[in-house]
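File shown: protein-v5.csv (CSV, C-alpha atoms).
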```
chain,number,residue,atom,x,y,z
A,435,MET,CA,30.6,-20.5,-16.8
A,436,TYR,CA,30.7,-17.8,-14.1
A,437,VAL,CA,28.7,-19.0,-11.1
A,438,ILE,CA,28.1,-16.9,-7.9
A,439,VAL,CA,27.2,-18.7,-4.8
A,440,VAL,CA,25.7,-16.8,-1.9
A,441,GLY,CA,26.2,-18.3,1.5
A,442,ALA,CA,29.2,-20.4,2.6
A,443,GLY,CA,27.6,-22.8,5.1
A,444,LYS,CA,27.9,-26.5,4.4
A,445,VAL,CA,25.8,-26.4,1.3
A,446,GLY,CA,27.6,-23.4,-0.1
A,447,TYR,CA,31.0,-24.9,0.7
A,448,TYR,CA,30.5,-28.2,-1.0
A,449,LEU,CA,28.6,-26.7,-3.9
A,450,ALA,CA,31.5,-24.3,-4.5
A,451,LYS,CA,34.0,-27.1,-4.2
A,452,GLU,CA,32.2,-29.3,-6.8
A,453,LEU,CA,31.7,-26.4,-9.2
A,454,VAL,CA,35.5,-25.5,-9.0
A,455,ASP,CA,36.3,-29.1,-9.6
A,456,GLN,CA,34.0,-29.0,-12.7
A,457,GLY,CA,36.1,-26.2,-14.0
A,458,HIS,CA,33.7,-23.3,-13.5
A,459,GLU,CA,34.7,-19.8,-12.4
A,460,VAL,CA,33.2,-19.6,-8.9
A,461,LEU,CA,32.8,-16.8,-6.4
A,462,VAL,CA,31.3,-17.3,-2.9
A,463,ILE,CA,29.8,-14.4,-1.0
A,464,GLU,CA,29.6,-14.8,2.8
A,465,LYS,CA,28.8,-12.4,5.6
A,466,ASP,CA,30.7,-14.3,8.3
A,467,ALA,CA,34.5,-13.5,8.1
A,468,ALA,CA,35.5,-16.9,9.5
A,469,LYS,CA,33.5,-18.8,7.0
A,470,ALA,CA,34.7,-16.6,4.1
A,471,GLU,CA,38.2,-17.2,5.2
A,472,ARG,CA,37.8,-21.0,5.3
A,473,ILE,CA,36.6,-20.9,1.7
A,474,ALA,CA,39.7,-18.8,0.7
A,475,GLU,CA,42.0,-21.2,2.6
A,476,GLU,CA,40.6,-24.4,1.3
A,477,LEU,CA,39.4,-23.6,-2.2
A,478,GLY,CA,41.6,-20.7,-3.2
A,479,ASP,CA,40.9,-17.0,-3.6
A,480,ILE,CA,37.3,-17.3,-4.6
A,481,SER,CA,35.5,-15.8,-1.6
A,482,LEU,CA,34.2,-12.3,-1.0
A,483,MET,CA,33.2,-11.2,2.5
A,484,GLY,CA,30.0,-9.2,2.6
A,485,ASP,CA,26.2,-9.2,2.5
A,486,GLY,CA,25.1,-10.9,-0.8
A,487,CYS,CA,21.8,-8.9,-0.7
A,488,GLU,CA,23.7,-5.5,-0.7
A,489,ALA,CA,23.8,-4.0,-4.1
A,490,SER,CA,27.4,-2.7,-3.7
A,491,ILE,CA,28.6,-6.1,-2.9
A,492,MET,CA,26.7,-7.6,-5.8
A,493,GLU,CA,28.3,-5.1,-8.1
A,494,MET,CA,31.8,-5.8,-6.7
A,495,ALA,CA,31.1,-9.6,-7.2
A,496,GLY,CA,30.3,-9.0,-10.8
A,497,PHE,CA,26.7,-10.0,-10.8
A,498,GLY,CA,26.4,-8.2,-14.2
A,499,ARG,CA,28.5,-10.9,-15.9
A,500,ALA,CA,27.4,-13.9,-13.9
A,501,ASP,CA,25.9,-16.8,-15.9
A,502,MET,CA,24.2,-18.1,-12.8
A,503,VAL,CA,23.5,-17.1,-9.2
A,504,ILE,CA,22.8,-19.7,-6.6
A,505,SER,CA,21.6,-18.5,-3.2
A,506,VAL,CA,22.1,-21.2,-0.5
A,507,THR,CA,21.9,-19.3,2.8
A,508,GLY,CA,19.9,-20.8,5.7
A,509,ASP,CA,17.2,-18.1,5.4
A,510,ASP,CA,14.6,-18.3,2.7
A,511,GLU,CA,13.9,-14.5,2.7
A,512,ASP,CA,17.6,-13.8,2.0
A,513,ASN,CA,17.6,-16.3,-0.9
A,514,LEU,CA,14.5,-14.8,-2.3
A,515,VAL,CA,16.0,-11.3,-2.3
A,516,VAL,CA,19.3,-12.4,-3.8
A,517,CYS,CA,17.5,-14.1,-6.7
A,518,GLN,CA,15.0,-11.3,-7.3
A,519,MET,CA,17.8,-8.7,-7.2
A,520,ALA,CA,20.0,-10.8,-9.5
A,521,LYS,CA,17.1,-11.1,-11.9
A,522,VAL,CA,15.7,-7.6,-11.8
A,523,LYS,CA,18.8,-5.4,-11.2
A,524,PHE,CA,21.5,-7.4,-12.9
A,525,ASN,CA,19.7,-9.4,-15.5
A,526,VAL,CA,21.4,-12.6,-14.5
A,527,PRO,CA,20.1,-15.3,-16.9
A,528,ARG,CA,19.7,-18.1,-14.3
A,529,SER,CA,19.2,-18.0,-10.6
A,530,MET,CA,18.5,-20.7,-8.1
A,531,ALA,CA,17.3,-20.5,-4.5
A,532,ARG,CA,17.6,-23.0,-1.7
A,533,ILE,CA,14.5,-23.1,0.4
A,534,ASN,CA,13.8,-24.5,3.8
A,535,ASN,CA,10.1,-24.3,4.1
A,536,PRO,CA,8.6,-26.5,1.4
A,537,LYS,CA,5.6,-24.2,1.1
A,538,ASN,CA,7.9,-21.4,-0.1
A,539,GLU,CA,8.4,-23.3,-3.4
A,540,GLU,CA,5.1,-22.2,-4.6
A,541,ILE,CA,5.5,-18.7,-3.2
A,542,PHE,CA,8.9,-18.3,-4.9
A,543,ARG,CA,7.4,-19.4,-8.2
A,544,LYS,CA,4.6,-16.8,-7.9
A,545,LEU,CA,7.3,-14.2,-7.1
A,546,GLY,CA,9.2,-15.0,-10.2
A,547,ILE,CA,11.9,-17.4,-9.0
A,548,ASP,CA,11.3,-20.7,-10.8
A,549,SER,CA,14.2,-22.7,-9.8
A,550,THR,CA,14.2,-23.8,-6.1
A,551,VAL,CA,15.8,-26.6,-4.3
A,552,SER,CA,14.5,-27.8,-0.9
A,553,ALA,CA,16.1,-30.5,1.2
A,554,THR,CA,12.9,-30.8,3.2
A,555,THR,CA,10.9,-31.5,0.0
A,556,ALA,CA,13.5,-34.0,-1.1
A,557,ILE,CA,13.4,-35.9,2.2
A,558,LEU,CA,9.6,-35.8,2.1
A,559,ALA,CA,9.6,-37.2,-1.4
A,560,GLN,CA,12.0,-40.0,-0.3
A,561,ILE,CA,9.6,-40.8,2.6
A,562,GLU,CA,6.8,-41.0,0.1
A,563,GLN,CA,8.8,-43.3,-2.2
A,564,GLU,CA,9.6,-45.6,0.7
A,565,LEU,CA,6.0,-45.8,2.0
A,566,PRO,CA,4.4,-47.9,-0.7
A,567,THR,CA,0.9,-47.3,0.6
A,568,HIS,CA,1.0,-43.6,-0.2
A,569,PRO,CA,-1.3,-43.1,-3.2
A,570,LEU,CA,0.5,-40.4,-5.1
A,571,ILE,CA,4.2,-39.7,-5.7
A,572,LYS,CA,5.5,-36.7,-7.6
A,573,LEU,CA,8.2,-38.0,-9.9
A,574,LEU,CA,9.1,-34.8,-11.8
A,575,ARG,CA,7.9,-31.3,-12.1
A,576,LEU,CA,8.3,-30.1,-15.7
A,577,LYS,CA,9.8,-26.7,-15.9
A,578,GLY,CA,7.2,-24.1,-16.8
A,579,GLY,CA,3.7,-24.9,-17.9
A,580,GLY,CA,2.6,-26.2,-14.5
A,581,LEU,CA,2.8,-29.9,-15.6
A,582,GLU,CA,4.2,-32.7,-13.5
A,583,ILE,CA,4.7,-36.4,-13.8
A,584,VAL,CA,3.3,-38.4,-10.9
A,585,GLU,CA,2.9,-42.0,-9.9
A,586,VAL,CA,-0.2,-43.4,-8.4
A,587,LYS,CA,-0.6,-46.9,-7.0
A,588,VAL,CA,-4.0,-48.3,-7.6
A,589,PRO,CA,-5.5,-49.7,-4.4
A,590,GLU,CA,-7.6,-52.9,-4.4
A,591,ASP,CA,-10.8,-51.1,-3.7
A,592,SER,CA,-10.4,-48.4,-6.4
A,593,ALA,CA,-13.2,-47.9,-8.8
A,594,VAL,CA,-10.9,-48.1,-11.7
A,595,VAL,CA,-9.8,-51.7,-11.0
A,596,GLY,CA,-10.8,-53.9,-14.0
A,597,ARG,CA,-11.7,-50.9,-16.1
A,598,ARG,CA,-10.1,-50.0,-19.5
A,599,VAL,CA,-7.7,-47.0,-19.5
A,600,GLY,CA,-9.9,-45.4,-22.2
A,601,ASP,CA,-13.0,-45.5,-19.9
A,602,ILE,CA,-11.3,-43.8,-16.9
A,603,VAL,CA,-12.4,-40.1,-16.6
A,604,LEU,CA,-9.3,-38.1,-15.9
A,605,PRO,CA,-9.1,-34.5,-14.8
A,606,PRO,CA,-8.4,-31.9,-17.6
A,607,GLN,CA,-4.9,-32.0,-19.2
A,608,SER,CA,-4.0,-35.4,-17.6
A,609,LEU,CA,-2.7,-38.4,-19.4
A,610,ILE,CA,-1.9,-41.9,-18.4
A,611,ALA,CA,1.6,-42.5,-19.8
A,612,LEU,CA,2.6,-45.9,-18.3
A,613,VAL,CA,1.0,-48.7,-16.4
A,614,ILE,CA,3.5,-50.8,-14.3
A,615,ASP,CA,2.1,-54.1,-13.0
A,616,GLU,CA,2.9,-55.7,-9.7
A,617,ASN,CA,5.9,-57.6,-11.1
A,618,GLY,CA,7.4,-54.3,-12.2
A,619,GLU,CA,6.6,-54.9,-15.9
A,620,PRO,CA,5.9,-51.5,-17.5
A,621,ARG,CA,3.4,-51.2,-20.4
A,622,VAL,CA,2.5,-48.2,-22.5
A,623,PRO,CA,-1.2,-48.4,-22.3
A,624,GLY,CA,-3.7,-48.3,-25.2
A,625,GLY,CA,-7.3,-47.5,-24.7
A,626,ASP,CA,-8.0,-51.2,-24.1
A,627,THR,CA,-5.4,-51.8,-21.4
A,628,VAL,CA,-7.2,-52.9,-18.3
A,629,VAL,CA,-6.0,-51.5,-14.9
A,630,GLN,CA,-5.5,-54.0,-12.2
A,631,ALA,CA,-5.3,-53.6,-8.4
A,632,GLY,CA,-1.7,-52.9,-7.4
A,633,ASP,CA,-0.7,-51.4,-10.7
A,634,GLU,CA,1.4,-48.3,-10.6
A,635,VAL,CA,0.2,-45.7,-13.0
A,636,VAL,CA,2.5,-43.0,-14.2
A,637,ALA,CA,0.6,-40.0,-15.4
A,638,VAL,CA,1.2,-36.4,-16.6
A,639,THR,CA,-1.1,-33.9,-15.0
A,640,ARG,CA,-1.4,-30.2,-14.1
A,641,THR,CA,-0.2,-29.4,-10.5
A,642,GLU,CA,-3.7,-28.1,-9.6
A,643,ASN,CA,-5.3,-31.3,-10.8
A,644,GLU,CA,-3.1,-33.6,-8.8
A,645,ASP,CA,-5.7,-34.2,-6.1
A,646,ALA,CA,-8.4,-34.9,-8.7
A,647,LEU,CA,-6.1,-37.3,-10.5
A,648,ARG,CA,-5.3,-39.1,-7.2
A,649,GLY,CA,-9.1,-39.3,-6.6
A,650,ALA,CA,-9.8,-40.6,-10.1
A,651,LEU,CA,-7.4,-43.5,-9.7
A,652,THR,CA,-7.7,-44.4,-6.0
A,653,ALA,CA,-11.2,-43.5,-4.9
A,654,PRO,CA,-13.6,-46.4,-4.4
A,655,THR,CA,-16.4,-44.5,-5.8
A,656,ALA,CA,-16.9,-43.0,-9.3
A,657,TYR,CA,-14.9,-39.8,-9.9
A,658,GLY,CA,-15.9,-37.0,-12.2
A,659,PRO,CA,-13.3,-34.7,-13.8
A,660,TYR,CA,-13.6,-32.2,-10.9
A,661,GLY,CA,-13.9,-34.5,-7.9
A,662,PRO,CA,-16.0,-37.3,-6.5
A,663,ILE,CA,-19.5,-37.7,-7.9
A,664,ASP,CA,-20.6,-39.0,-4.5
A,665,ALA,CA,-18.3,-37.7,-1.8
A,666,GLN,CA,-20.3,-39.6,0.9
A,667,LYS,CA,-18.9,-42.9,0.0
A,668,ARG,CA,-15.2,-41.9,0.3
B,821,MET,CA,-10.0,-1.0,8.5
B,822,LYS,CA,-8.4,-4.3,9.4
B,823,ILE,CA,-4.7,-3.8,9.5
B,824,VAL,CA,-1.9,-6.3,10.2
B,825,ILE,CA,1.5,-5.0,11.4
B,826,MET,CA,4.4,-7.4,11.2
B,827,GLY,CA,7.2,-6.5,13.7
B,828,CYS,CA,6.6,-5.1,17.2
B,829,GLY,CA,9.6,-2.9,17.4
B,830,ARG,CA,9.6,0.8,18.3
B,831,VAL,CA,8.0,1.7,15.0
B,832,GLY,CA,5.6,-1.2,14.8
B,833,ALA,CA,4.3,-0.6,18.4
B,834,GLU,CA,3.9,3.1,17.8
B,835,LEU,CA,2.0,2.6,14.6
B,836,ALA,CA,-0.2,-0.1,16.1
B,837,SER,CA,-1.1,2.1,19.0
B,838,MET,CA,-1.8,5.1,16.7
B,839,LEU,CA,-4.1,3.1,14.4
B,840,ASP,CA,-5.8,1.4,17.4
B,841,GLN,CA,-6.5,4.8,18.9
B,842,GLU,CA,-8.1,5.9,15.6
B,843,GLY,CA,-10.5,2.9,15.9
B,844,HIS,CA,-9.0,0.5,13.4
B,845,ASP,CA,-9.0,-3.3,13.9
B,846,VAL,CA,-5.3,-3.8,14.5
B,847,THR,CA,-3.3,-7.1,14.7
B,848,ILE,CA,0.3,-7.0,15.5
B,849,LEU,CA,2.6,-9.9,14.8
B,850,ASP,CA,6.0,-10.7,16.2
B,851,VAL,CA,8.2,-13.8,16.6
B,852,ASN,CA,9.1,-12.8,20.1
B,853,PRO,CA,6.3,-12.4,22.6
B,854,GLY,CA,8.5,-10.2,24.7
B,855,ALA,CA,8.3,-7.5,22.0
B,856,PHE,CA,4.7,-6.7,23.0
B,857,ARG,CA,5.9,-5.0,26.1
B,858,ARG,CA,6.5,-2.0,23.8
B,859,LEU,CA,2.8,-1.6,23.3
B,860,PRO,CA,1.1,0.9,25.6
B,861,PRO,CA,-1.3,-0.4,28.2
B,862,VAL,CA,-4.3,1.2,26.4
B,863,TYR,CA,-3.6,-0.8,23.2
B,864,GLY,CA,-6.8,-2.7,22.5
B,865,GLY,CA,-5.8,-4.6,19.3
B,866,LYS,CA,-4.7,-8.2,18.9
B,867,ARG,CA,-1.2,-9.6,19.6
B,868,GLU,CA,-0.1,-12.6,17.6
B,869,VAL,CA,3.1,-14.6,18.0
B,870,GLY,CA,4.6,-16.1,14.8
B,871,ASN,CA,6.9,-15.7,11.9
B,872,GLY,CA,5.4,-13.4,9.2
B,873,ILE,CA,7.2,-15.1,6.3
B,874,ASP,CA,5.5,-18.4,7.1
B,875,GLN,CA,2.4,-18.8,4.9
B,876,ASP,CA,0.6,-20.8,7.5
B,877,VAL,CA,1.1,-18.1,10.1
B,878,LEU,CA,-0.2,-15.4,7.8
B,879,ALA,CA,-3.2,-17.6,7.0
B,880,ARG,CA,-3.8,-18.3,10.7
B,881,ILE,CA,-4.0,-14.6,11.6
B,882,GLY,CA,-6.4,-13.9,8.7
B,883,VAL,CA,-4.2,-11.8,6.5
B,884,GLU,CA,-6.4,-12.5,3.5
B,885,LYS,CA,-9.2,-10.6,5.2
B,886,ALA,CA,-6.9,-7.6,6.0
B,887,ASP,CA,-7.4,-4.3,4.2
B,888,ALA,CA,-3.8,-3.4,4.9
B,889,PHE,CA,-0.4,-5.0,5.8
B,890,VAL,CA,2.7,-3.2,7.1
B,891,ALA,CA,6.1,-4.9,7.3
B,892,VAL,CA,8.4,-3.3,9.8
B,893,THR,CA,10.7,-6.0,11.2
B,894,GLN,CA,14.4,-5.3,11.6
B,895,GLY,CA,15.2,-7.4,8.5
B,896,ASP,CA,14.8,-5.8,5.1
B,897,ASN,CA,14.6,-9.2,3.4
B,898,ARG,CA,12.0,-10.4,5.8
B,899,ASN,CA,9.9,-7.3,5.2
B,900,VAL,CA,10.3,-7.7,1.4
B,901,MET,CA,9.2,-11.3,1.5
B,902,ALA,CA,6.3,-10.9,3.8
B,903,ALA,CA,5.1,-7.8,1.9
B,904,GLN,CA,5.2,-9.7,-1.4
B,905,MET,CA,3.3,-12.6,0.2
B,906,ALA,CA,0.6,-10.4,1.6
B,907,LYS,CA,0.2,-8.6,-1.8
B,908,HIS,CA,0.6,-11.5,-4.3
B,909,ILE,CA,-0.4,-14.6,-2.3
B,910,PHE,CA,-3.1,-13.2,0.0
B,911,GLY,CA,-4.3,-10.3,-2.2
B,912,VAL,CA,-4.1,-7.6,0.4
B,913,LEU,CA,-4.7,-4.3,-1.4
B,914,ARG,CA,-2.6,-1.9,0.7
B,915,VAL,CA,0.8,-3.1,1.5
B,916,VAL,CA,3.6,-1.0,2.9
B,917,CYS,CA,7.1,-2.3,3.5
B,918,ARG,CA,10.1,-0.8,5.3
B,919,ILE,CA,13.5,-1.3,3.6
B,920,TYR,CA,16.5,0.4,5.2
B,921,ASP,CA,18.8,-0.2,2.2
B,922,PRO,CA,18.0,2.6,-0.3
B,923,ILE,CA,19.1,0.5,-3.3
B,924,ARG,CA,16.9,-2.4,-2.4
B,925,GLU,CA,14.1,0.0,-1.6
B,926,GLU,CA,14.3,1.5,-5.1
B,927,ILE,CA,14.3,-2.0,-6.8
B,928,TYR,CA,11.2,-3.2,-4.8
B,929,HIS,CA,9.5,0.1,-5.4
B,930,MET,CA,10.1,-0.5,-9.1
B,931,LEU,CA,8.6,-3.9,-8.7
B,932,GLY,CA,5.4,-2.3,-7.4
B,933,LEU,CA,5.7,-2.5,-3.7
B,934,GLU,CA,4.9,0.6,-1.6
B,935,THR,CA,8.2,1.1,0.2
B,936,ILE,CA,9.8,3.4,2.7
B,937,SER,CA,13.5,3.7,3.3
B,938,PRO,CA,14.0,5.3,6.8
B,939,THR,CA,17.6,5.8,5.8
B,940,LYS,CA,16.7,8.0,2.9
B,941,VAL,CA,13.9,9.8,4.6
B,942,GLY,CA,15.9,10.3,7.8
B,943,ALA,CA,18.9,11.7,6.0
B,944,ARG,CA,16.7,14.1,4.1
B,945,LEU,CA,15.0,15.3,7.2
B,946,LEU,CA,18.3,15.8,9.0
B,947,LYS,CA,19.7,17.7,6.0
B,948,GLU,CA,16.7,20.0,5.9
B,949,ALA,CA,16.8,20.6,9.7
B,950,LEU,CA,20.5,21.4,9.3
B,951,GLU,CA,19.8,23.9,6.5
B,952,ARG,CA,17.0,25.6,8.6
B,953,GLU,CA,19.3,26.0,11.6
B,954,PRO,CA,20.7,29.6,11.5
B,955,ALA,CA,24.4,29.9,11.8
B,956,THR,CA,24.4,32.1,14.9
B,957,PRO,CA,26.6,31.5,18.0
B,958,PRO,CA,24.6,31.0,21.2
B,959,LYS,CA,24.3,34.2,23.3
B,960,ALA,CA,25.9,34.2,26.8
B,961,GLY,CA,23.4,33.2,29.5
B,962,GLU,CA,21.2,31.1,27.1
```
How would this structure read if it were set down as structure tokens?
Amino acid sequence: MYVIVVGAGKVGYYLAKELVDQGHEVLVIEKDAAKAERIAEELGDISLMGDGCEASIMEMAGFGRADMVISVTGDDEDNLVVCQMAKVKFNVPRSMARINNPKNEEIFRKLGIDSTVSATTAILAQIEQELPTHPLIKLLRLKGGGLEIVEVKVPEDSAVVGRRVGDIVLPPQSLIALVIDENGEPRVPGGDTVVQAGDEVVAVTRTENEDALRGALTAPTAYGPYGPIDAQKR
Amino acid sequence: MKIVIMGCGRVGAELASMLDQEGHDVTILDVNPGAFRRLPPVYGGKREVGNGIDQDVLARIGVEKADAFVAVTQGDNRNVMAAQMAKHIFGVLRVVCRIYDPIREEIYHMLGLETISPTKVGARLLKEALEREPATPPKAGE
């Protein structure tokens, strides 16, 4: 596979190194001469000095035959433009952008860049995993379709404690896939499975219904499909 | 018209003061508060400090209520990103974006952004001026 990496900072350097080790054909584009040279010295003749957003450099780098472009500079705007140019001008089949501001994940998706990686988001997710009181953890975002798999811990005072899975009103396009009890025992629930306090519920939902799902499983008051029936009690 | 201008460089400051004089509700945004010194003393619009490619900043200065957004920072990519955010995230109807690089400008124009490349426009104006200039030697005493 021919992979072009834009940006030879720490992320770009180690990424290129791993990809070379995996046997891929790799080219790293870097503006800074010293950084480009370091790649050439340590990883072989696989670096090109220049601005990876500049069309002439992109042509020289062979964007037209790239199987994948990964833009990992420290600036979100540069990574956006590299990926958009790769997609629109060079028809690169896959492009991936590193982002720093987690809010840009959504923006990039709206602007046509589906594949983003954010260290900030990863660290935030890790914090969420390690803080057991946090009511909703995103486990996986399914590519395309706007669906995601989340985990919700059912608090003691939740309205769903003691209720059957089949009786819980969930937001549209949401499904409880797994109920894990406090001993870590997972069960695939039937309609009759009763939810207990402290259970971890793994569910599929739409991104925009995440908050409604969190509410449905954690709120102490009854929840309708679009929010709390009585918001006063929350 | 409520107009947000991102980037208080020479062009941004000039445009802001022109539009302000014409009676528009102008907000100018720059990451560097020192940039506002370029605005003339008569400028009566708003000055906001912040990064125009940060969604929270754009929301804070009320971009969703703007009728127009102009991106004129020094960075082509910053302009491209902010302009697309204004248009596609905040739904601003009139968005204009400066892109120095003519090739990038063509691509984003193709993608539906209203773009201006000062490189292309400047070169064309210079060429036209050059062609108008008569090839006569200066007379003595002039």
| Counting only C-alpha atoms, which residues of chain B come no farther than 7 Å from chain A, as JSON, numbers by chain? | {"B": [897, 898, 901, 923]}
| request: Do a neighbour search on stretch 610-619 of chain A at 7 Å with all atoms listed in the file, toss out local chain neighbours closer than 4 positions, and write the hits as a ChimeraX atom specification. | output: /A:623,632-638
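Residues in contact with A:Ser505 at up to 6 Å, not including ones fewer than 4 positions away on its chain and judged by all atoms listed in the file, are A:Val439, A:Val440, A:Asn513, A:Ala531.
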Deliver the residues from the most recent selection as a file, using C-alpha atoms, as a compact mmCIF listing (two decimals), in the frame of the given file.
```
# COMPACT_ATOMS: atom_id res chain seq x y z
CA VAL A 439 27.20 -18.70 -4.80
CA VAL A 440 25.70 -16.80 -1.90
CA ASN A 513 17.60 -16.30 -0.90
CA ALA A 531 17.30 -20.50 -4.50
```
| request: Do a neighbour search on stretch 573-581 of chain A at 10 Å with all atoms listed in the file, toss out local chain neighbours closer than 6 positions, and write the hits as a PyMOL selection string. | output: chain A and resi 543+548-549+559+563+607-608+636-644
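Within 8 Å of B:Asn871, once all atoms listed in the file are used and residues closer than 4 positions along the same chain are dropped, the contacting residues are Leu849, Asp850, Val851 and Val877 of chain B.
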| request: Kindly provide, as a VMD selection string, the polymer residues lying within 12 Å of (-4.5, -14.3, 0.4), counting all atoms listed in the file and using the coordinates exactly as they appear in the file. | output: (chain A and resid 541) or (chain B and resid 875 to 889 902 to 913)
Mind dumping the selected residues with C-alpha atoms as an mmCIF file, in the coordinates of the input?
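selection30.cif written:
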```cif
data_model
loop_
_atom_site.group_PDB
_atom_site.id
_atom_site.type_symbol
_atom_site.label_atom_id
_atom_site.label_comp_id
_atom_site.auth_asym_id
_atom_site.auth_seq_id
_atom_site.Cartn_x
_atom_site.Cartn_y
_atom_site.Cartn_z
ATOM 1 C CA ILE A 541 5.500 -18.700 -3.200
ATOM 2 C CA GLN B 875 2.400 -18.800 4.900
ATOM 3 C CA ASP B 876 0.600 -20.800 7.500
ATOM 4 C CA VAL B 877 1.100 -18.100 10.100
ATOM 5 C CA LEU B 878 -0.200 -15.400 7.800
ATOM 6 C CA ALA B 879 -3.200 -17.600 7.000
ATOM 7 C CA ARG B 880 -3.800 -18.300 10.700
ATOM 8 C CA ILE B 881 -4.000 -14.600 11.600
ATOM 9 C CA GLY B 882 -6.400 -13.900 8.700
ATOM 10 C CA VAL B 883 -4.200 -11.800 6.500
ATOM 11 C CA GLU B 884 -6.400 -12.500 3.500
ATOM 12 C CA LYS B 885 -9.200 -10.600 5.200
ATOM 13 C CA ALA B 886 -6.900 -7.600 6.000
ATOM 14 C CA ASP B 887 -7.400 -4.300 4.200
ATOM 15 C CA ALA B 888 -3.800 -3.400 4.900
ATOM 16 C CA PHE B 889 -0.400 -5.000 5.800
ATOM 17 C CA ALA B 902 6.300 -10.900 3.800
ATOM 18 C CA ALA B 903 5.100 -7.800 1.900
ATOM 19 C CA GLN B 904 5.200 -9.700 -1.400
ATOM 20 C CA MET B 905 3.300 -12.600 0.200
ATOM 21 C CA ALA B 906 0.600 -10.400 1.600
ATOM 22 C CA LYS B 907 0.200 -8.600 -1.800
ATOM 23 C CA HIS B 908 0.600 -11.500 -4.300
ATOM 24 C CA ILE B 909 -0.400 -14.600 -2.300
ATOM 25 C CA PHE B 910 -3.100 -13.200 0.000
ATOM 26 C CA GLY B 911 -4.300 -10.300 -2.200
ATOM 27 C CA VAL B 912 -4.100 -7.600 0.400
ATOM 28 C CA LEU B 913 -4.700 -4.300 -1.400
#
```
| All residues 10 Å or closer to B:Pro860, all atoms listed in the file, same chain fewer than 6 positions away omitted, as a ChimeraX atom specification | /B:833-834,836-837
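Atom pair atom CA of A:Leu461 / atom CA of A:Thr550: separated by 19.9 Å.
The coordinates place atom CA of A:Glu582 at 23.7 Å from atom CA of A:Val595.
If only C-alpha atoms are the atoms counted, then among A:Asn534, A:Thr507, A:Gln456, A:Ser481 the closest residue to B:Ile873 is A:Asn534.
Of note, atom CA of A:Ala470 and atom CA of A:Leu449 are spaced 14.3 Å apart.
Checking A:Val445, A:Leu477, A:Ile561, A:Val588 one by one against A:Val506, counting only C-alpha atoms, you find the shortest gap at A:Val445.
Closest approach to A:Ile438 among A:Gly478, A:Gly496, A:Gly457, A:Pro527 is made by A:Gly496 (distances from only C-alpha atoms).
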| message | Using all atoms listed in the file for the distances, tell me which of B:Glu951, B:Asp921, B:Thr956, B:Ala891 is nearest to B:Glu934. | response | B:Ala891
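Using all atoms listed in the file, the smallest distance between any of B:Asn899, B:Gln841, B:Gln894, B:Thr939 and B:Val862 comes from B:Gln841.
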